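Engineer: One file is attached below, structure.pdb, containing PDB, C-alpha atoms, pLDDT in the B column.
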```pdb
ATOM      1  CA  MET B 197      91.644  93.412 124.220  1.00 52.00           C
ATOM      2  CA  ARG B 198      91.885  97.114 123.327  1.00 58.00           C
ATOM      3  CA  PRO B 199      89.385  98.332 120.689  1.00 66.00           C
ATOM      4  CA  GLN B 200      90.931  98.724 117.259  1.00 73.00           C
ATOM      5  CA  ALA B 201      90.302 101.175 114.425  1.00 72.00           C
ATOM      6  CA  ILE B 202      89.653  99.486 111.059  1.00 83.00           C
ATOM      7  CA  PRO B 203      91.481 100.881 107.990  1.00 80.00           C
ATOM      8  CA  VAL B 204      89.331 101.279 104.862  1.00 85.00           C
ATOM      9  CA  PHE B 205      90.270 103.326 101.824  1.00 81.00           C
ATOM     10  CA  SER B 206      87.126 103.378  99.655  1.00 87.00           C
ATOM     11  CA  TYR B 207      83.372 102.908  99.653  1.00 85.00           C
ATOM     12  CA  ALA B 208      83.974  99.368  98.387  1.00 88.00           C
ATOM     13  CA  ALA B 209      86.329  98.622 101.307  1.00 91.00           C
ATOM     14  CA  ARG B 210      83.770  99.956 103.805  1.00 92.00           C
ATOM     15  CA  ARG B 211      81.032  97.777 102.327  1.00 92.00           C
ATOM     16  CA  ALA B 212      83.375  94.770 102.269  1.00 92.00           C
ATOM     17  CA  TRP B 213      84.116  95.280 105.990  1.00 93.00           C
ATOM     18  CA  LEU B 214      80.383  95.557 106.742  1.00 95.00           C
ATOM     19  CA  GLU B 215      79.786  92.326 104.803  1.00 95.00           C
ATOM     20  CA  GLN B 216      82.456  90.621 106.927  1.00 93.00           C
ATOM     21  CA  GLN B 217      80.376  91.673 109.946  1.00 94.00           C
ATOM     22  CA  GLY B 218      77.269  90.122 108.348  1.00 95.00           C
ATOM     23  CA  TRP B 219      75.681  93.307 106.957  1.00 96.00           C
ATOM     24  CA  GLN B 220      74.557  93.870 103.387  1.00 96.00           C
ATOM     25  CA  THR B 221      73.977  97.453 102.273  1.00 95.00           C
ATOM     26  CA  GLU B 222      73.036  99.534  99.293  1.00 93.00           C
ATOM     27  CA  GLU B 223      76.089 100.377  97.179  1.00 90.00           C
ATOM     28  CA  GLN B 224      76.304 104.104  97.939  1.00 90.00           C
ATOM     29  CA  PRO B 225      75.782 105.903 101.256  1.00 93.00           C
ATOM     30  CA  VAL B 226      72.491 107.755 101.641  1.00 95.00           C
ATOM     31  CA  ARG B 227      74.257 110.508 103.565  1.00 96.00           C
ATOM     32  CA  THR B 228      77.815 111.572 104.350  1.00 95.00           C
ATOM     33  CA  LEU B 229      78.414 114.260 106.973  1.00 97.00           C
ATOM     34  CA  THR B 230      81.410 115.792 108.671  1.00 97.00           C
ATOM     35  CA  VAL B 231      80.788 116.104 112.424  1.00 96.00           C
ATOM     36  CA  GLN B 232      82.748 116.968 115.533  1.00 97.00           C
ATOM     37  CA  LEU B 233      82.368 114.221 118.111  1.00 96.00           C
ATOM     38  CA  SER B 234      81.024 115.250 121.486  1.00 95.00           C
ATOM     39  CA  LEU B 235      80.706 112.126 123.601  1.00 95.00           C
ATOM     40  CA  ALA B 236      80.161 113.632 127.061  1.00 95.00           C
ATOM     41  CA  GLY B 237      77.181 111.932 128.683  1.00 95.00           C
ATOM     42  CA  GLN B 238      77.019 109.302 125.939  1.00 95.00           C
ATOM     43  CA  GLU B 239      77.914 106.286 128.106  1.00 96.00           C
ATOM     44  CA  ASP B 240      75.259 104.033 126.531  1.00 96.00           C
ATOM     45  CA  TYR B 241      76.480 104.864 123.029  1.00 96.00           C
ATOM     46  CA  LEU B 242      80.101 104.306 124.031  1.00 96.00           C
ATOM     47  CA  ALA B 243      79.075 100.915 125.448  1.00 95.00           C
ATOM     48  CA  LEU B 244      77.758 100.005 121.965  1.00 94.00           C
ATOM     49  CA  GLN B 245      81.154 100.907 120.547  1.00 96.00           C
ATOM     50  CA  GLN B 246      82.990  98.771 123.092  1.00 94.00           C
ATOM     51  CA  GLU B 247      80.626  95.871 122.406  1.00 93.00           C
ATOM     52  CA  ALA B 248      81.629  96.061 118.724  1.00 93.00           C
ATOM     53  CA  GLY B 249      85.334  96.457 119.591  1.00 93.00           C
ATOM     54  CA  LEU B 250      85.622  99.990 118.177  1.00 94.00           C
ATOM     55  CA  PRO B 251      87.636 102.833 119.772  1.00 95.00           C
ATOM     56  CA  LEU B 252      85.236 105.767 119.287  1.00 96.00           C
ATOM     57  CA  ALA B 253      85.950 107.132 122.791  1.00 96.00           C
ATOM     58  CA  ASP B 254      89.565 107.754 121.752  1.00 95.00           C
ATOM     59  CA  TYR B 255      88.324 110.231 119.116  1.00 96.00           C
ATOM     60  CA  ASP B 256      86.167 112.444 121.369  1.00 97.00           C
ATOM     61  CA  GLY B 257      86.427 116.075 120.260  1.00 96.00           C
ATOM     62  CA  GLN B 258      87.836 115.201 116.836  1.00 96.00           C
ATOM     63  CA  THR B 259      86.249 115.867 113.469  1.00 97.00           C
ATOM     64  CA  VAL B 260      85.076 112.656 111.792  1.00 97.00           C
ATOM     65  CA  THR B 261      83.017 111.653 108.777  1.00 96.00           C
ATOM     66  CA  ARG B 262      79.742 109.800 109.297  1.00 96.00           C
ATOM     67  CA  CYS B 263      78.690 107.639 106.351  1.00 95.00           C
ATOM     68  CA  THR B 264      75.150 106.256 106.493  1.00 96.00           C
ATOM     69  CA  TYR B 265      74.116 103.252 104.387  1.00 96.00           C
ATOM     70  CA  THR B 266      70.765 101.500 104.001  1.00 96.00           C
ATOM     71  CA  VAL B 267      70.928  97.955 105.411  1.00 96.00           C
ATOM     72  CA  THR B 268      69.225  95.378 103.194  1.00 95.00           C
ATOM     73  CA  ASN B 269      69.424  92.255 105.385  1.00 95.00           C
ATOM     74  CA  TYR B 270      68.401  93.095 108.948  1.00 94.00           C
ATOM     75  CA  PRO B 271      66.555  90.020 110.279  1.00 92.00           C
ATOM     76  CA  GLY B 272      62.798  90.592 110.318  1.00 88.00           C
ATOM     77  CA  ARG B 273      62.904  94.170 108.958  1.00 88.00           C
ATOM     78  CA  THR B 274      63.004  95.674 105.488  1.00 80.00           C
ATOM     79  CA  GLY B 275      63.696  99.173 104.277  1.00 78.00           C
ATOM     80  CA  ASP B 276      63.952 101.055 107.558  1.00 91.00           C
ATOM     81  CA  VAL B 277      67.365 100.042 108.935  1.00 96.00           C
ATOM     82  CA  GLN B 278      70.564 102.009 108.441  1.00 97.00           C
ATOM     83  CA  VAL B 279      74.184 101.637 109.448  1.00 97.00           C
ATOM     84  CA  ASN B 280      76.338 104.613 110.446  1.00 97.00           C
ATOM     85  CA  LEU B 281      80.101 104.372 110.151  1.00 96.00           C
ATOM     86  CA  TYR B 282      82.311 106.978 111.809  1.00 96.00           C
ATOM     87  CA  LEU B 283      85.612 107.485 110.028  1.00 95.00           C
ATOM     88  CA  CYS B 284      88.681 109.438 111.033  1.00 94.00           C
ATOM     89  CA  GLY B 285      90.501 109.778 107.748  1.00 91.00           C
ATOM     90  CA  ASP B 286      90.287 106.332 106.157  1.00 90.00           C
ATOM     91  CA  VAL B 287      89.799 104.457 109.431  1.00 92.00           C
ATOM     92  CA  ILE B 288      86.522 103.166 110.916  1.00 94.00           C
ATOM     93  CA  VAL B 289      86.513 104.261 114.568  1.00 96.00           C
ATOM     94  CA  GLY B 290      82.857 103.689 115.434  1.00 96.00           C
ATOM     95  CA  GLY B 291      79.399 102.984 114.192  1.00 97.00           C
ATOM     96  CA  ASP B 292      75.915 101.745 114.901  1.00 97.00           C
ATOM     97  CA  ILE B 293      72.833 100.122 113.441  1.00 97.00           C
ATOM     98  CA  MET B 294      69.558 102.002 113.734  1.00 97.00           C
ATOM     99  CA  ALA B 295      65.983 101.313 112.762  1.00 95.00           C
ATOM    100  CA  LEU B 296      63.892 104.303 111.824  1.00 90.00           C
ATOM    101  CA  GLY B 297      60.264 105.027 112.606  1.00 86.00           C
ATOM    102  CA  GLU B 298      57.913 103.078 114.837  1.00 85.00           C
ATOM    103  CA  ASN B 299      59.693 100.434 116.946  1.00 87.00           C
ATOM    104  CA  GLY B 300      63.005 102.079 116.106  1.00 93.00           C
ATOM    105  CA  PHE B 301      66.199 101.188 117.922  1.00 95.00           C
ATOM    106  CA  GLN B 302      69.941 101.730 117.989  1.00 95.00           C
ATOM    107  CA  ALA B 303      72.365  98.823 118.363  1.00 95.00           C
ATOM    108  CA  SER B 304      76.030  97.934 118.002  1.00 95.00           C
ATOM    109  CA  LEU B 305      77.498  96.822 114.689  1.00 95.00           C
ATOM    110  CA  LEU B 306      77.462  93.202 115.826  1.00 94.00           C
ATOM    111  CA  TYR B 307      75.134  91.181 113.631  1.00 95.00           C
ATOM    112  CA  PRO B 308      72.192  90.014 115.780  1.00 89.00           C
ATOM    113  CA  ALA B 309      72.017  86.338 116.679  1.00 77.00           C
ATOM    114  CA  GLU B 310      69.131  84.830 114.796  1.00 59.00           C
ATOM    115  CA  ASN B 311      66.483  82.941 116.713  1.00 40.00           C
ATOM    116  CA  THR B 312      66.559  79.264 115.931  1.00 34.00           C
TER     117      THR B 312
END
```
Please lay out the structure from this file as structure tokens.
Structural biologist:
Amino acid sequence: MRPQAIPVFSYAARRAWLEQQGWQTEEQPVRTLTVQLSLAGQEDYLALQQEAGLPLADYDGQTVTRCTYTVTNYPGRTGDVQVNLYLCGDVIVGGDIMALGENGFQASLLYPAENT
């Protein structure tokens, strides 16, 4: 199946989409930036996008908005996890989860399977 962009038209719609994916976040983004995508040599990052079913590679070279939210429900971690959403207009085209600081990581937007 071809990756699909996700239409969202407000902060509330973005948070609702994240909640559908399993993520809970603070209400407002901690940072919003306009960036020009440069994906050359970013194969690992593009693999994260494909894993989540998002078409970020199709937007290489374009100007997008990156909205960063604090994640409040990452399993086993508190306070140091963020989610980045990349938007082209009002459409989510990519994103990632990242943990800051010691033992930091970057992962796809797929909610991690919990150990049982």
Engineer: Restricting the calculation to all atoms listed in the file: of B:Gln216, B:Thr266, B:Val289, B:Gln224, which residue gets closest to Ala253 of chain B?
Structural biologist: B:Val289
Engineer: Return the padded bounding box of segment 276-284 of chain B as JSON: axis-aligned, built from all atoms listed in the file, 4 Å added on each side, with centre and edge lengths in Å to one decimal.
Structural biologist:
```
{"center_x": 76.3, "center_y": 104.7, "center_z": 109.7, "size_x": 32.7, "size_y": 17.4, "size_z": 12.3}
```
Engineer: Can you pull out the residues contacting Pro225 of chain B? Cut-off 7 Å, using only C-alpha atoms, and skip same-chain residues under 5 positions away; I want them as a PyMOL selection string.
Structural biologist: chain B and resi 263-265
Engineer: Which residue is closest to Leu214 of chain B? Choose from B:Ala295, B:Val279, B:Ala303, B:Ala309 and count all atoms listed in the file.
Structural biologist: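 Using all atoms listed in the file, Leu214 of chain B sits closest to B:Val279.
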Engineer: Which distance in Å separates atom CA of Thr259 of chain B and atom CA of Ser304 of chain B, to one decimal?
Structural biologist: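 Straight-line distance from atom CA of Thr259 of chain B to atom CA of Ser304 of chain B works out to 21.1 Å.
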Engineer: Taking all atoms listed in the file into account, name the residue in B:Leu305, B:Val260, B:Val267, B:Ala208 that is nearest to Val231 of chain B.
Structural biologist: B:Val260
Engineer: Check what the PyMOL selection byres ((chain B and resi 219) around 8) selects in the file above and give those residues as a list in words.
Structural biologist: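 Going through the file, the PyMOL selection byres ((chain B and resi 219) around 8) ends up selecting Leu214, Glu215, Gln216, Gln217, Gly218, Gln220, Thr221, Val267, Thr268, Asn269, Tyr270 and Tyr307 of chain B.
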Engineer: Residues as selected, C-alpha atoms, written as an mmCIF file, keeping the file's coordinate frame, can you do that?
Structural biologist:
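Output file part_1.cif is given in full below:
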```cif
data_model
loop_
_atom_site.group_PDB
_atom_site.id
_atom_site.type_symbol
_atom_site.label_atom_id
_atom_site.label_comp_id
_atom_site.auth_asym_id
_atom_site.auth_seq_id
_atom_site.Cartn_x
_atom_site.Cartn_y
_atom_site.Cartn_z
ATOM 1 C CA LEU B 214 80.383 95.557 106.742
ATOM 2 C CA GLU B 215 79.786 92.326 104.803
ATOM 3 C CA GLN B 216 82.456 90.621 106.927
ATOM 4 C CA GLN B 217 80.376 91.673 109.946
ATOM 5 C CA GLY B 218 77.269 90.122 108.348
ATOM 6 C CA GLN B 220 74.557 93.870 103.387
ATOM 7 C CA THR B 221 73.977 97.453 102.273
ATOM 8 C CA VAL B 267 70.928 97.955 105.411
ATOM 9 C CA THR B 268 69.225 95.378 103.194
ATOM 10 C CA ASN B 269 69.424 92.255 105.385
ATOM 11 C CA TYR B 270 68.401 93.095 108.948
ATOM 12 C CA TYR B 307 75.134 91.181 113.631
#
```
Engineer: Given only C-alpha atoms as the basis, pick out the residue of B:Asp240, B:Phe205, B:Asp286, B:Pro308 nearest to Pro271 of chain B.
Structural biologist: B:Pro308
Engineer: Pick from B:Ala212, B:Leu306, B:Leu244, B:Leu296: nearest to Thr274 of chain B, with all atoms listed in the file counted?
Structural biologist: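 Ranking B:Ala212, B:Leu306, B:Leu244, B:Leu296 by distance to Thr274 of chain B, first place goes to B:Leu296.
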Engineer: Considering all atoms listed in the file, can you say which of B:Gly257, B:Phe301, B:Gln232, B:Asn280 comes closest to Arg211 of chain B?
Structural biologist: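 The closest residue to Arg211 of chain B is B:Asn280.
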Engineer: What's the 9 Å shell around Val287 of chain B, counting all atoms listed in the file, without same-chain residues fewer than 2 positions away, as a VMD selection string?
Structural biologist: chain B and resid 201 to 205 282 to 285 289
Engineer: Please write the residues from the selection above to a file, keeping C-alpha atoms, as a PDB file, in the coordinates of the input.
Structural biologist:
```pdb
ATOM      1  CA  ALA B 201      90.302 101.175 114.425  1.00 72.00           C
ATOM      2  CA  ILE B 202      89.653  99.486 111.059  1.00 83.00           C
ATOM      3  CA  PRO B 203      91.481 100.881 107.990  1.00 80.00           C
ATOM      4  CA  VAL B 204      89.331 101.279 104.862  1.00 85.00           C
ATOM      5  CA  PHE B 205      90.270 103.326 101.824  1.00 81.00           C
ATOM      6  CA  TYR B 282      82.311 106.978 111.809  1.00 96.00           C
ATOM      7  CA  LEU B 283      85.612 107.485 110.028  1.00 95.00           C
ATOM      8  CA  CYS B 284      88.681 109.438 111.033  1.00 94.00           C
ATOM      9  CA  GLY B 285      90.501 109.778 107.748  1.00 91.00           C
ATOM     10  CA  VAL B 289      86.513 104.261 114.568  1.00 96.00           C
TER      11      VAL B 289
END
```
Engineer: Which value, in Å to one decimal, gives the distance between atom CA of Glu298 of chain B and atom CA of Gln278 of chain B?
Structural biologist: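 If I compute the distance from atom CA of Glu298 of chain B to atom CA of Gln278 of chain B, I get 14.2 Å.
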Engineer: By how many Å are atom CA of Gln238 of chain B and atom CA of Gln200 of chain B apart?
Structural biologist: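 Separation between atom CA of Gln238 of chain B and atom CA of Gln200 of chain B: 19.5 Å.
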Engineer: Take the point (79.5, 102.1, 123.3) as written in the file and pick out every residue within 10 Å of it, counting all atoms listed in the file; give the list as a ChimeraX atom specification.
Structural biologist: /B:238-253,290-292,303-304
Engineer: Starting from the structure just given, write a file holding segment 198-250 of chain B with C-alpha atoms, as a PDB file, in the first residue's frame.
Structural biologist:
```
ATOM      1  CA  ARG B 198       1.291   3.474  -0.907  1.00  0.00           C
ATOM      2  CA  PRO B 199       1.955   5.805   2.062  1.00  0.00           C
ATOM      3  CA  GLN B 200      -0.784   8.364   2.573  1.00  0.00           C
ATOM      4  CA  ALA B 201      -0.740  11.962   3.790  1.00  0.00           C
ATOM      5  CA  ILE B 202      -3.184  12.638   6.650  1.00  0.00           C
ATOM      6  CA  PRO B 203      -5.357  15.789   6.422  1.00  0.00           C
ATOM      7  CA  VAL B 204      -5.627  17.811   9.648  1.00  0.00           C
ATOM      8  CA  PHE B 205      -6.888  21.369   9.884  1.00  0.00           C
ATOM      9  CA  SER B 206      -6.169  22.436  13.481  1.00  0.00           C
ATOM     10  CA  TYR B 207      -4.093  21.708  16.559  1.00  0.00           C
ATOM     11  CA  ALA B 208      -7.072  19.765  17.916  1.00  0.00           C
ATOM     12  CA  ALA B 209      -7.234  17.617  14.756  1.00  0.00           C
ATOM     13  CA  ARG B 210      -3.494  16.886  14.975  1.00  0.00           C
ATOM     14  CA  ARG B 211      -3.807  15.819  18.608  1.00  0.00           C
ATOM     15  CA  ALA B 212      -6.883  13.722  17.789  1.00  0.00           C
ATOM     16  CA  TRP B 213      -4.915  11.913  15.048  1.00  0.00           C
ATOM     17  CA  LEU B 214      -2.020  11.310  17.461  1.00  0.00           C
ATOM     18  CA  GLU B 215      -4.482   9.907  20.015  1.00  0.00           C
ATOM     19  CA  GLN B 216      -5.807   7.524  17.347  1.00  0.00           C
ATOM     20  CA  GLN B 217      -2.212   6.300  17.005  1.00  0.00           C
ATOM     21  CA  GLY B 218      -2.033   5.763  20.786  1.00  0.00           C
ATOM     22  CA  TRP B 219      -0.171   8.961  21.737  1.00  0.00           C
ATOM     23  CA  GLN B 220      -1.246  11.482  24.347  1.00  0.00           C
ATOM     24  CA  THR B 221       0.363  14.919  24.236  1.00  0.00           C
ATOM     25  CA  GLU B 222       0.319  18.287  25.896  1.00  0.00           C
ATOM     26  CA  GLU B 223      -2.352  20.538  24.380  1.00  0.00           C
ATOM     27  CA  GLN B 224      -0.073  23.016  22.597  1.00  0.00           C
ATOM     28  CA  PRO B 225       3.125  22.343  20.639  1.00  0.00           C
ATOM     29  CA  VAL B 226       6.367  23.244  22.396  1.00  0.00           C
ATOM     30  CA  ARG B 227       7.844  24.394  19.095  1.00  0.00           C
ATOM     31  CA  THR B 228       6.657  25.090  15.557  1.00  0.00           C
ATOM     32  CA  LEU B 229       9.229  25.649  12.811  1.00  0.00           C
ATOM     33  CA  THR B 230       9.167  26.098   9.070  1.00  0.00           C
ATOM     34  CA  VAL B 231      11.892  23.983   7.438  1.00  0.00           C
ATOM     35  CA  GLN B 232      12.938  22.944   3.962  1.00  0.00           C
ATOM     36  CA  LEU B 233      13.215  19.173   3.764  1.00  0.00           C
ATOM     37  CA  SER B 234      16.548  17.782   2.664  1.00  0.00           C
ATOM     38  CA  LEU B 235      16.319  14.005   2.788  1.00  0.00           C
ATOM     39  CA  ALA B 236      19.459  13.014   0.867  1.00  0.00           C
ATOM     40  CA  GLY B 237      21.347  10.400   2.868  1.00  0.00           C
ATOM     41  CA  GLN B 238      18.466  10.003   5.319  1.00  0.00           C
ATOM     42  CA  GLU B 239      17.572   6.395   4.436  1.00  0.00           C
ATOM     43  CA  ASP B 240      17.113   5.338   8.080  1.00  0.00           C
ATOM     44  CA  TYR B 241      14.765   8.253   8.740  1.00  0.00           C
ATOM     45  CA  LEU B 242      12.806   7.550   5.562  1.00  0.00           C
ATOM     46  CA  ALA B 243      12.470   3.923   6.699  1.00  0.00           C
ATOM     47  CA  LEU B 244      10.786   5.217   9.890  1.00  0.00           C
ATOM     48  CA  GLN B 245       8.337   7.121   7.715  1.00  0.00           C
ATOM     49  CA  GLN B 246       7.544   4.062   5.610  1.00  0.00           C
ATOM     50  CA  GLU B 247       7.078   1.981   8.759  1.00  0.00           C
ATOM     51  CA  ALA B 248       4.422   4.482   9.893  1.00  0.00           C
ATOM     52  CA  GLY B 249       2.838   4.618   6.414  1.00  0.00           C
ATOM     53  CA  LEU B 250       3.708   8.283   5.804  1.00  0.00           C
TER      54      LEU B 250
END
```
